Amino acid sequence: MKWTQTLIPTLREAPADAEILSHKLLLRAGLIRKVAGGVYTFLPLGLRALRKVEQIIREEMDRAGAIEVLMPALQPKELWEQSGRAETARDVLFKVKDSSNREWFLSPTAEEVITTTAANEINSYRQLPKNFYQISVKFRDEIRPRFGLMRAKEFIMKDAYSFDTADDGAMASYKKMYDAYKRIFDRCGVQNFPVEADTGVIGGNYSHEFMVPADTGENDVVFCEACGYAANVEKATSGIPKTATREIGAAVEKFATPGVVTIEALTKAPYSVPANRQIKTLIYIADSKPVIILIRGDDQLNEAKLAGVIGTPIFRAATAEEIFAALGAHPGSLGAVGVKNISIFTDERLRGANDMTTGANEDGFHFKNVSIERDIVVSKWADLRTVTAGEPCAKCGKALKIRRAIEVGHVFKLGTKYSEKLNATFLDADGSRKPCVMGCYGIGVTRTLQAIIEQCNDKDGIVWPLSTAPYQVCITPLSVAPDNACMKLAEKIYAELAARGIEVILDDRDERPGVKFKDADLVGFPIRISIGEKSLAKGEVEIKPRSGAVVLTKSEEAVEKVAALVGNGLQKV
RNA sequence: CGGAGCGUGGCUCAGCCUGGUAGAGCGCUUGGUUUGGGACCAAGAUGUCGCAGGUUCAAAUCCUGUCGCUCCGACCA
């Protein structure tokens, strides 16, 4: 490709609405342009890099035995009603109507469609297992798109769906995808690691996310350097001790706490109740009914964990009015002592706790000497607290750490949730009809592209891994006059590299050398070949890896050396 | 949806407080001089100051509404 033929609109300054480095570089290097918030056009260079990521995914999915299909973005509303997700996923669904007023959803994923396909086309255990995948545009009605391609309304995703006859087969399919994901992200040239994950509203019971470490990521990952434990903070647990049981049998006692409405205030004189001897009482509305959540005063509720036990995907924190209606007191004076007819979910860390202080459901009063199991009717015990850095690892006891990361892939073991609802059944060898056991596996392709840039850059611009660079080699003749020796040699090397299947761009712009060098660095081509009159007079050209030093090379050896660099993945000249 | 901020040429921004016929740098066009890390000189082109309404002799500037964008929060397959 000739630079003047394509369009690479580099920018010296980043548009003001780009916040994080990778977003700025995407714009400055001329890879994408914003059409609207969360909606982007891929320009030629950006598309090439995107196709590289897609191709790696295709190769690894194919290697893992998955088969490619393409499903519609436009999906009938009825299908989503059948699975129940029209309701549970309503906030992220783009809804459209056609001219005859029929309702459609723009697909954020395709469990419904693929499961229907399986229901129609798979009848026998002899046809299983199967794993279908597609790479396609997906839509999500993001409340707040941000960070360029990271969180967009429209994005490209690879989604795959496995169908097995039984649990052990489903586990094997899951493992294949897990291994394929590791290969995919390694090949993309980014640091990545799998973590145990929450399953969210997609359902299922076993899941891992693939994370790219980055301070600008939107996930907190808890990990243990000693034993390798790693989990999304939504899922993570620790070996933190339960609340100490004390040898005090005194009865519950009400005491006045005028104006005290925070845990913090109660820790101070004259009350001096440490936060770890307080019970925090939170009210949520689940399916229109109030529920009480109890956690220790020094802990934070983990809503993802709560979602797993509360029994409905539709819940939210209660308003002050709803709280008063339910308990007769305002936030800051709430408690569960003596409460009946409201479900009480209690964090495991409070099991056995006594000598605790909590609100009395009367503004301005608290109870002390509260024993959870004696004084409160707990509906369900569960792990509801959020792990914090420094807590002991549940597996090995060493201190846990927390870091930010970008979620680029997610694998789920789904079970039979969708196959039952959408009748994806098969006739087993024993003649019985069974639902397929499913798994689903997503990769945010456009997000992965940005994650690569977020991780692979320096002060001058992007530093593409060879595997995902839009072009592997950029040839920079310092003079572009057609009869100039530099340009003639550039054309020759260009043709020879291209003939070897190397992806090469020739910067044939009539620009000053500085401009060309700056642009090549900004865009981040892995290898630059500079051809100037000074070195050419000695029969040499320069080979410069993007992140390495210039190597002077005899011009007739340049093609061979660059081909070797590309061939061995840029290890050495 | 709650809180904060911003909309002025392709990009970055000044001007607004204190109303008086719209500016700078970069980019773009033309000519010339340059030519190994974002050159220089000269001459140009490019704006309904987001949109609508109001106040005023006069509005980029003040007021109201509206749309869009960004950040924090809530949300997140």
# chains A, B, ... in the order shown; residues from 1 in each chain; ligands from 1

$ closest_atom_pairs --of "chain A" --to "chain B" --cutoff "9 Å" --atoms "only C-alpha atoms (C1' of nucleotides)" --output "JSON lines"
{"residue": "A:Leu11", "atom": "CA", "partner": "B:C11", "partner_atom": "C1'", "distance": 7.2}
{"residue": "A:Arg12", "atom": "CA", "partner": "B:C26", "partner_atom": "C1'", "distance": 7.9}
{"residue": "A:Glu13", "atom": "CA", "partner": "B:U12", "partner_atom": "C1'", "distance": 6.5}
{"residue": "A:Ala14", "atom": "CA", "partner": "B:C11", "partner_atom": "C1'", "distance": 7.6}
{"residue": "A:Pro15", "atom": "CA", "partner": "B:C11", "partner_atom": "C1'", "distance": 6.7}
{"residue": "A:Ala16", "atom": "CA", "partner": "B:U12", "partner_atom": "C1'", "distance": 7.9}
{"residue": "A:Asp17", "atom": "CA", "partner": "B:U70", "partner_atom": "C1'", "distance": 5.9}
{"residue": "A:Ala18", "atom": "CA", "partner": "B:U70", "partner_atom": "C1'", "distance": 8.5}
{"residue": "A:Glu19", "atom": "CA", "partner": "B:U70", "partner_atom": "C1'", "distance": 8.5}
{"residue": "A:Gly37", "atom": "CA", "partner": "B:C69", "partner_atom": "C1'", "distance": 7.8}
{"residue": "A:Ala89", "atom": "CA", "partner": "B:A77", "partner_atom": "C1'", "distance": 8.4}
{"residue": "A:Asp91", "atom": "CA", "partner": "B:C75", "partner_atom": "C1'", "distance": 8.8}
{"residue": "A:Val92", "atom": "CA", "partner": "B:C76", "partner_atom": "C1'", "distance": 8.3}
{"residue": "A:Pro108", "atom": "CA", "partner": "B:A77", "partner_atom": "C1'", "distance": 7.7}
{"residue": "A:Thr109", "atom": "CA", "partner": "B:A77", "partner_atom": "C1'", "distance": 7.4}
{"residue": "A:Glu142", "atom": "CA", "partner": "B:C76", "partner_atom": "C1'", "distance": 7.9}
{"residue": "A:Ile143", "atom": "CA", "partner": "B:C75", "partner_atom": "C1'", "distance": 6.8}
{"residue": "A:Arg144", "atom": "CA", "partner": "B:C75", "partner_atom": "C1'", "distance": 8.4}
{"residue": "A:Thr199", "atom": "CA", "partner": "B:A77", "partner_atom": "C1'", "distance": 8.3}
{"residue": "A:Gly200", "atom": "CA", "partner": "B:A77", "partner_atom": "C1'", "distance": 7.0}
{"residue": "A:Val201", "atom": "CA", "partner": "B:A77", "partner_atom": "C1'", "distance": 6.7}
{"residue": "A:Ile202", "atom": "CA", "partner": "B:A77", "partner_atom": "C1'", "distance": 5.3}
{"residue": "A:Gly203", "atom": "CA", "partner": "B:A77", "partner_atom": "C1'", "distance": 8.9}
{"residue": "A:Gly442", "atom": "CA", "partner": "B:A77", "partner_atom": "C1'", "distance": 8.8}
{"residue": "A:Leu478", "atom": "CA", "partner": "B:G36", "partner_atom": "C1'", "distance": 7.6}
{"residue": "A:Ser479", "atom": "CA", "partner": "B:U35", "partner_atom": "C1'", "distance": 8.6}
{"residue": "A:Glu511", "atom": "CA", "partner": "B:U35", "partner_atom": "C1'", "distance": 8.8}
{"residue": "A:Arg512", "atom": "CA", "partner": "B:U35", "partner_atom": "C1'", "distance": 6.1}
{"residue": "A:Pro513", "atom": "CA", "partner": "B:G36", "partner_atom": "C1'", "distance": 6.2}
{"residue": "A:Gly514", "atom": "CA", "partner": "B:G37", "partner_atom": "C1'", "distance": 4.1}
{"residue": "A:Val515", "atom": "CA", "partner": "B:G38", "partner_atom": "C1'", "distance": 4.9}
{"residue": "A:Lys516", "atom": "CA", "partner": "B:G38", "partner_atom": "C1'", "distance": 8.4}
{"residue": "A:Phe517", "atom": "CA", "partner": "B:G37", "partner_atom": "C1'", "distance": 6.2}
{"residue": "A:Lys518", "atom": "CA", "partner": "B:G38", "partner_atom": "C1'", "distance": 6.4}
{"residue": "A:Asp519", "atom": "CA", "partner": "B:G38", "partner_atom": "C1'", "distance": 8.4}
{"residue": "A:Gly532", "atom": "CA", "partner": "B:G36", "partner_atom": "C1'", "distance": 7.2}
{"residue": "A:Lys534", "atom": "CA", "partner": "B:G36", "partner_atom": "C1'", "distance": 8.5}

$ residues_around --residues "A:Pro465" --least-positions-apart "4" --cutoff "9 Å" --atoms "only C-alpha atoms (C1' of nucleotides)" --output "short mmCIF file (atom, residue, chain, number, x, y, z; two decimals) with C-alpha atoms, in the first residue's frame"
data_model
loop_
_atom_site.label_atom_id
_atom_site.label_comp_id
_atom_site.auth_asym_id
_atom_site.auth_seq_id
_atom_site.Cartn_x
_atom_site.Cartn_y
_atom_site.Cartn_z
CA CYS A 188 -2.54 -10.73 20.19
CA GLY A 189 0.56 -9.68 22.08
CA VAL A 190 -1.05 -8.55 25.33
CA ILE A 452 -3.63 -3.86 22.94
CA CYS A 456 1.53 -1.36 23.85
CA ALA A 469 -0.11 -4.29 13.40
CA GLN A 472 4.22 -5.01 9.56
CA PHE A 525 4.55 0.03 12.59
CA PRO A 526 6.75 -2.73 14.05
CA GLY A 569 8.29 -12.55 15.39
#

$ residues_around --residues "B:G19" --least-positions-apart "2" --cutoff "8 Å" --atoms "only C-alpha atoms (C1' of nucleotides)" --output "VMD selection string"
chain B and resid 58 to 59 61 to 62

$ write_last_selection --atoms "N, CA, C and O atoms (P, O5', C5', C4', C3', O3' and C1' of nucleotides)" --output "short mmCIF file (atom, residue, chain, number, x, y, z; two decimals), in the first residue's frame"
data_model
loop_
_atom_site.label_atom_id
_atom_site.label_comp_id
_atom_site.auth_asym_id
_atom_site.auth_seq_id
_atom_site.Cartn_x
_atom_site.Cartn_y
_atom_site.Cartn_z
P A B 58 -32.10 46.05 19.37
"O5'" A B 58 -30.53 45.79 19.26
"C5'" A B 58 -29.91 45.75 17.98
"C4'" A B 58 -28.43 45.63 18.12
"C3'" A B 58 -27.95 44.42 18.92
"O3'" A B 58 -27.89 43.27 18.11
"C1'" A B 58 -26.82 46.36 19.65
P A B 59 -28.21 41.82 18.72
"O5'" A B 59 -27.01 41.58 19.75
"C5'" A B 59 -25.66 41.53 19.32
"C4'" A B 59 -24.95 40.38 20.00
"C3'" A B 59 -25.53 39.00 19.65
"O3'" A B 59 -24.48 38.05 19.73
"C1'" A B 59 -25.79 39.39 21.94
P U B 61 -24.54 35.12 23.28
"O5'" U B 61 -23.47 35.61 24.35
"C5'" U B 61 -22.77 34.70 25.18
"C4'" U B 61 -21.81 35.45 26.05
"C3'" U B 61 -22.48 36.41 27.03
"O3'" U B 61 -21.82 36.37 28.28
"C1'" U B 61 -20.98 37.58 25.62
P C B 62 -22.45 35.44 29.40
"O5'" C B 62 -23.76 36.23 29.79
"C5'" C B 62 -23.73 37.27 30.76
"C4'" C B 62 -25.13 37.79 31.01
"C3'" C B 62 -26.21 36.72 31.03
"O3'" C B 62 -26.29 36.07 32.29
"C1'" C B 62 -26.93 38.50 29.67
#

$ residues_around --residues "stretch 174-179 of chain A" --least-positions-apart "2" --cutoff "10 Å" --atoms "only C-alpha atoms (C1' of nucleotides)" --output "PDB file with C-alpha atoms, in the first residue's frame"
ATOM      1  CA  GLU A  60      -7.935 -20.407  17.215  1.00  0.00           C
ATOM      2  CA  MET A  61     -11.665 -21.034  17.265  1.00  0.00           C
ATOM      3  CA  ARG A  63      -8.372 -25.021  15.805  1.00  0.00           C
ATOM      4  CA  ALA A  64     -10.524 -25.678  18.885  1.00  0.00           C
ATOM      5  CA  GLY A  65     -13.163 -27.287  16.716  1.00  0.00           C
ATOM      6  CA  ALA A  66     -15.715 -24.499  16.685  1.00  0.00           C
ATOM      7  CA  ASN A 131     -19.719 -25.342  19.051  1.00  0.00           C
ATOM      8  CA  ALA A 160     -19.574 -18.877  20.647  1.00  0.00           C
ATOM      9  CA  TYR A 161     -22.088 -21.379  21.948  1.00  0.00           C
ATOM     10  CA  SER A 162     -21.360 -25.012  22.736  1.00  0.00           C
ATOM     11  CA  ASP A 168     -18.701 -33.760  31.470  1.00  0.00           C
ATOM     12  CA  GLY A 169     -18.806 -33.003  27.757  1.00  0.00           C
ATOM     13  CA  ALA A 170     -19.821 -29.419  28.486  1.00  0.00           C
ATOM     14  CA  MET A 171     -16.878 -29.156  30.829  1.00  0.00           C
ATOM     15  CA  ALA A 172     -14.565 -30.384  28.091  1.00  0.00           C
ATOM     16  CA  TYR A 181      -8.741 -17.868  24.746  1.00  0.00           C
ATOM     17  CA  LYS A 182      -5.356 -18.065  26.384  1.00  0.00           C
ATOM     18  CA  ARG A 183      -3.782 -18.688  22.966  1.00  0.00           C
ATOM     19  CA  ILE A 184      -5.775 -15.899  21.341  1.00  0.00           C
ATOM     20  CA  PRO A 194      -7.943 -15.559  33.526  1.00  0.00           C
ATOM     21  CA  TYR A 206     -19.194 -21.432  36.309  1.00  0.00           C
ATOM     22  CA  SER A 207     -17.270 -18.736  34.591  1.00  0.00           C
ATOM     23  CA  HIS A 208     -13.920 -17.130  33.933  1.00  0.00           C
ATOM     24  CA  GLU A 209     -13.023 -13.746  32.541  1.00  0.00           C
ATOM     25  CA  PHE A 210      -9.844 -12.980  30.630  1.00  0.00           C
ATOM     26  CA  GLY A 409     -13.066 -12.303  27.162  1.00  0.00           C
ATOM     27  CA  HIS A 410     -15.602 -14.229  29.173  1.00  0.00           C
ATOM     28  CA  VAL A 411     -16.371 -17.959  29.232  1.00  0.00           C
ATOM     29  CA  PHE A 412     -19.515 -19.373  30.859  1.00  0.00           C
ATOM     30  CA  LYS A 413     -20.778 -22.808  31.604  1.00  0.00           C
ATOM     31  CA  LEU A 414     -24.473 -22.236  30.977  1.00  0.00           C
ATOM     32  CA  MET A 438     -24.636 -25.382  26.868  1.00  0.00           C
ATOM     33  CA  GLY A 439     -21.723 -23.052  27.284  1.00  0.00           C
ATOM     34  CA  CYS A 440     -21.199 -19.567  25.893  1.00  0.00           C
ATOM     35  CA  TYR A 441     -17.986 -17.735  25.197  1.00  0.00           C
ATOM     36  CA  GLY A 442     -17.480 -14.076  24.307  1.00  0.00           C
TER      37      GLY A 442
END

$ closest_residue --among "A:Pro44, A:Ser530, A:Val437, A:Glu54" --to "A:Val551" --atoms "only C-alpha atoms"
A:Ser530

$ residues_around --residues "A:Met356" --least-positions-apart "4" --cutoff "10 Å" --atoms "only C-alpha atoms (C1' of nucleotides)" --output "list in words"
Thr243, Thr245, Arg246, Val252, Val273, Pro274, Ala275, Asn276, Arg277, Gln278, Ile279, Arg296, Gly297, Leu350, Phe367, Lys368, Asn369, Val370, Ser371 and Ile372 of chain A

$ select_by_dssp --residues "stretch 215-462 of chain A" --states "strand (DSSP E)" --output "ChimeraX atom specification"
/A:219-223,230-232,253-256,279-286,289-296,315-317,343-347,356-359,365-370,380-382,401-415,425-427,433-435,437-444,457-458,461-462

$ select_by_dssp --residues "stretch 116-214 of chain A" --states "alpha helix (DSSP H)" --output "ChimeraX atom specification"
/A:116-121,167-187

$ write_last_selection --atoms "N, CA and C atoms" --output "PDB file, in the first residue's frame"
ATOM      1  N   THR A 116     -32.284 -21.672  19.289  1.00  0.00           N
ATOM      2  CA  THR A 116     -33.393 -22.021  18.402  1.00  0.00           C
ATOM      3  C   THR A 116     -32.885 -22.821  17.204  1.00  0.00           C
ATOM      4  N   THR A 117     -31.755 -22.395  16.680  1.00  0.00           N
ATOM      5  CA  THR A 117     -31.147 -23.147  15.579  1.00  0.00           C
ATOM      6  C   THR A 117     -30.859 -24.582  16.019  1.00  0.00           C
ATOM      7  N   ALA A 118     -30.283 -24.711  17.193  1.00  0.00           N
ATOM      8  CA  ALA A 118     -29.975 -26.050  17.712  1.00  0.00           C
ATOM      9  C   ALA A 118     -31.269 -26.844  17.902  1.00  0.00           C
ATOM     10  N   ALA A 119     -32.294 -26.171  18.390  1.00  0.00           N
ATOM     11  CA  ALA A 119     -33.571 -26.858  18.612  1.00  0.00           C
ATOM     12  C   ALA A 119     -34.114 -27.407  17.301  1.00  0.00           C
ATOM     13  N   ASN A 120     -33.945 -26.639  16.232  1.00  0.00           N
ATOM     14  CA  ASN A 120     -34.481 -27.050  14.931  1.00  0.00           C
ATOM     15  C   ASN A 120     -33.609 -28.082  14.232  1.00  0.00           C
ATOM     16  N   GLU A 121     -32.317 -27.984  14.396  1.00  0.00           N
ATOM     17  CA  GLU A 121     -31.423 -28.759  13.548  1.00  0.00           C
ATOM     18  C   GLU A 121     -30.741 -29.935  14.242  1.00  0.00           C
ATOM     19  N   ASP A 167     -22.912 -33.079  31.226  1.00  0.00           N
ATOM     20  CA  ASP A 167     -22.087 -32.127  31.944  1.00  0.00           C
ATOM     21  C   ASP A 167     -20.594 -32.305  31.694  1.00  0.00           C
ATOM     22  N   ASP A 168     -20.145 -33.573  31.651  1.00  0.00           N
ATOM     23  CA  ASP A 168     -18.701 -33.760  31.470  1.00  0.00           C
ATOM     24  C   ASP A 168     -18.256 -33.280  30.087  1.00  0.00           C
ATOM     25  N   GLY A 169     -19.113 -33.500  29.092  1.00  0.00           N
ATOM     26  CA  GLY A 169     -18.806 -33.003  27.757  1.00  0.00           C
ATOM     27  C   GLY A 169     -18.799 -31.486  27.739  1.00  0.00           C
ATOM     28  N   ALA A 170     -19.753 -30.877  28.428  1.00  0.00           N
ATOM     29  CA  ALA A 170     -19.821 -29.419  28.486  1.00  0.00           C
ATOM     30  C   ALA A 170     -18.570 -28.863  29.146  1.00  0.00           C
ATOM     31  N   MET A 171     -18.096 -29.570  30.142  1.00  0.00           N
ATOM     32  CA  MET A 171     -16.878 -29.156  30.829  1.00  0.00           C
ATOM     33  C   MET A 171     -15.688 -29.218  29.882  1.00  0.00           C
ATOM     34  N   ALA A 172     -15.653 -30.249  29.058  1.00  0.00           N
ATOM     35  CA  ALA A 172     -14.565 -30.384  28.091  1.00  0.00           C
ATOM     36  C   ALA A 172     -14.629 -29.265  27.059  1.00  0.00           C
ATOM     37  N   SER A 173     -15.843 -28.940  26.621  1.00  0.00           N
ATOM     38  CA  SER A 173     -16.001 -27.835  25.666  1.00  0.00           C
ATOM     39  C   SER A 173     -15.530 -26.526  26.288  1.00  0.00           C
ATOM     40  N   TYR A 174     -15.894 -26.347  27.537  1.00  0.00           N
ATOM     41  CA  TYR A 174     -15.486 -25.138  28.273  1.00  0.00           C
ATOM     42  C   TYR A 174     -13.968 -25.047  28.330  1.00  0.00           C
ATOM     43  N   LYS A 175     -13.350 -26.164  28.640  1.00  0.00           N
ATOM     44  CA  LYS A 175     -11.891 -26.186  28.760  1.00  0.00           C
ATOM     45  C   LYS A 175     -11.219 -25.863  27.422  1.00  0.00           C
ATOM     46  N   LYS A 176     -11.808 -26.382  26.341  1.00  0.00           N
ATOM     47  CA  LYS A 176     -11.252 -26.074  25.020  1.00  0.00           C
ATOM     48  C   LYS A 176     -11.281 -24.578  24.742  1.00  0.00           C
ATOM     49  N   MET A 177     -12.396 -23.952  25.096  1.00  0.00           N
ATOM     50  CA  MET A 177     -12.517 -22.515  24.865  1.00  0.00           C
ATOM     51  C   MET A 177     -11.555 -21.745  25.771  1.00  0.00           C
ATOM     52  N   TYR A 178     -11.474 -22.171  27.007  1.00  0.00           N
ATOM     53  CA  TYR A 178     -10.564 -21.533  27.968  1.00  0.00           C
ATOM     54  C   TYR A 178      -9.136 -21.556  27.415  1.00  0.00           C
ATOM     55  N   ASP A 179      -8.726 -22.716  26.922  1.00  0.00           N
ATOM     56  CA  ASP A 179      -7.376 -22.840  26.368  1.00  0.00           C
ATOM     57  C   ASP A 179      -7.219 -22.005  25.093  1.00  0.00           C
ATOM     58  N   ALA A 180      -8.264 -22.006  24.269  1.00  0.00           N
ATOM     59  CA  ALA A 180      -8.216 -21.218  23.034  1.00  0.00           C
ATOM     60  C   ALA A 180      -8.087 -19.728  23.357  1.00  0.00           C
ATOM     61  N   TYR A 181      -8.786 -19.286  24.372  1.00  0.00           N
ATOM     62  CA  TYR A 181      -8.741 -17.868  24.746  1.00  0.00           C
ATOM     63  C   TYR A 181      -7.338 -17.472  25.170  1.00  0.00           C
ATOM     64  N   LYS A 182      -6.718 -18.363  25.938  1.00  0.00           N
ATOM     65  CA  LYS A 182      -5.356 -18.065  26.384  1.00  0.00           C
ATOM     66  C   LYS A 182      -4.447 -17.883  25.160  1.00  0.00           C
ATOM     67  N   ARG A 183      -4.593 -18.776  24.185  1.00  0.00           N
ATOM     68  CA  ARG A 183      -3.782 -18.688  22.966  1.00  0.00           C
ATOM     69  C   ARG A 183      -4.093 -17.408  22.194  1.00  0.00           C
ATOM     70  N   ILE A 184      -5.370 -17.085  22.104  1.00  0.00           N
ATOM     71  CA  ILE A 184      -5.775 -15.899  21.341  1.00  0.00           C
ATOM     72  C   ILE A 184      -5.146 -14.635  21.912  1.00  0.00           C
ATOM     73  N   PHE A 185      -5.276 -14.456  23.213  1.00  0.00           N
ATOM     74  CA  PHE A 185      -4.769 -13.202  23.785  1.00  0.00           C
ATOM     75  C   PHE A 185      -3.238 -13.183  23.812  1.00  0.00           C
ATOM     76  N   ASP A 186      -2.645 -14.343  23.982  1.00  0.00           N
ATOM     77  CA  ASP A 186      -1.181 -14.397  23.879  1.00  0.00           C
ATOM     78  C   ASP A 186      -0.742 -13.999  22.473  1.00  0.00           C
ATOM     79  N   ARG A 187      -1.418 -14.541  21.479  1.00  0.00           N
ATOM     80  CA  ARG A 187      -1.045 -14.222  20.094  1.00  0.00           C
ATOM     81  C   ARG A 187      -1.282 -12.755  19.770  1.00  0.00           C
TER      82      ARG A 187
END

$ residues_around --residues "A:Arg51" --least-positions-apart "2" --cutoff "12 Å" --atoms "only C-alpha atoms (C1' of nucleotides)" --output "list of chain:residue names"
A:Phe42, A:Pro44, A:Leu45, A:Gly46, A:Leu47, A:Arg48, A:Ala49, A:Val53, A:Glu54, A:Gln55, A:Ile56, A:Ile57, A:Arg58, A:Ile135, A:Ser136, A:Ile156, A:Cys188, A:Val445, A:Thr446, A:Thr448, A:Leu449, A:Ser467, A:Thr468, A:Ala469, A:Pro470, A:Tyr471

$ atom_distance --atom1 "atom CA of A:Cys224" --atom2 "atom CA of A:Met150"
26.6 Å

$ residues_around --residues "B:G53" --least-positions-apart "6" --cutoff "12 Å" --atoms "only C-alpha atoms (C1' of nucleotides)" --output "ChimeraX atom specification"
/B:63-66

$ atom_distance --atom1 "atom CA of A:Ile323" --atom2 "atom CA of A:Ile283"
6.6 Å

$ atom_distance --atom1 "atom CA of A:Val480" --atom2 "atom CA of A:Asp510"
6.1 Å

$ closest_residue --among "B:C13, B:G50, B:U55, B:G20" --to "B:C67" --atoms "only C-alpha atoms (C1' of nucleotides)"
B:G50

$ closest_residue --among "B:G47, B:G54, B:G73, B:G25" --to "B:A4" --atoms "only C-alpha atoms (C1' of nucleotides)"
B:G73

$ closest_residue --among "A:Ala537, A:Ala317, A:Leu149, A:Met157" --to "A:Lys24" --atoms "only C-alpha atoms"
A:Leu149
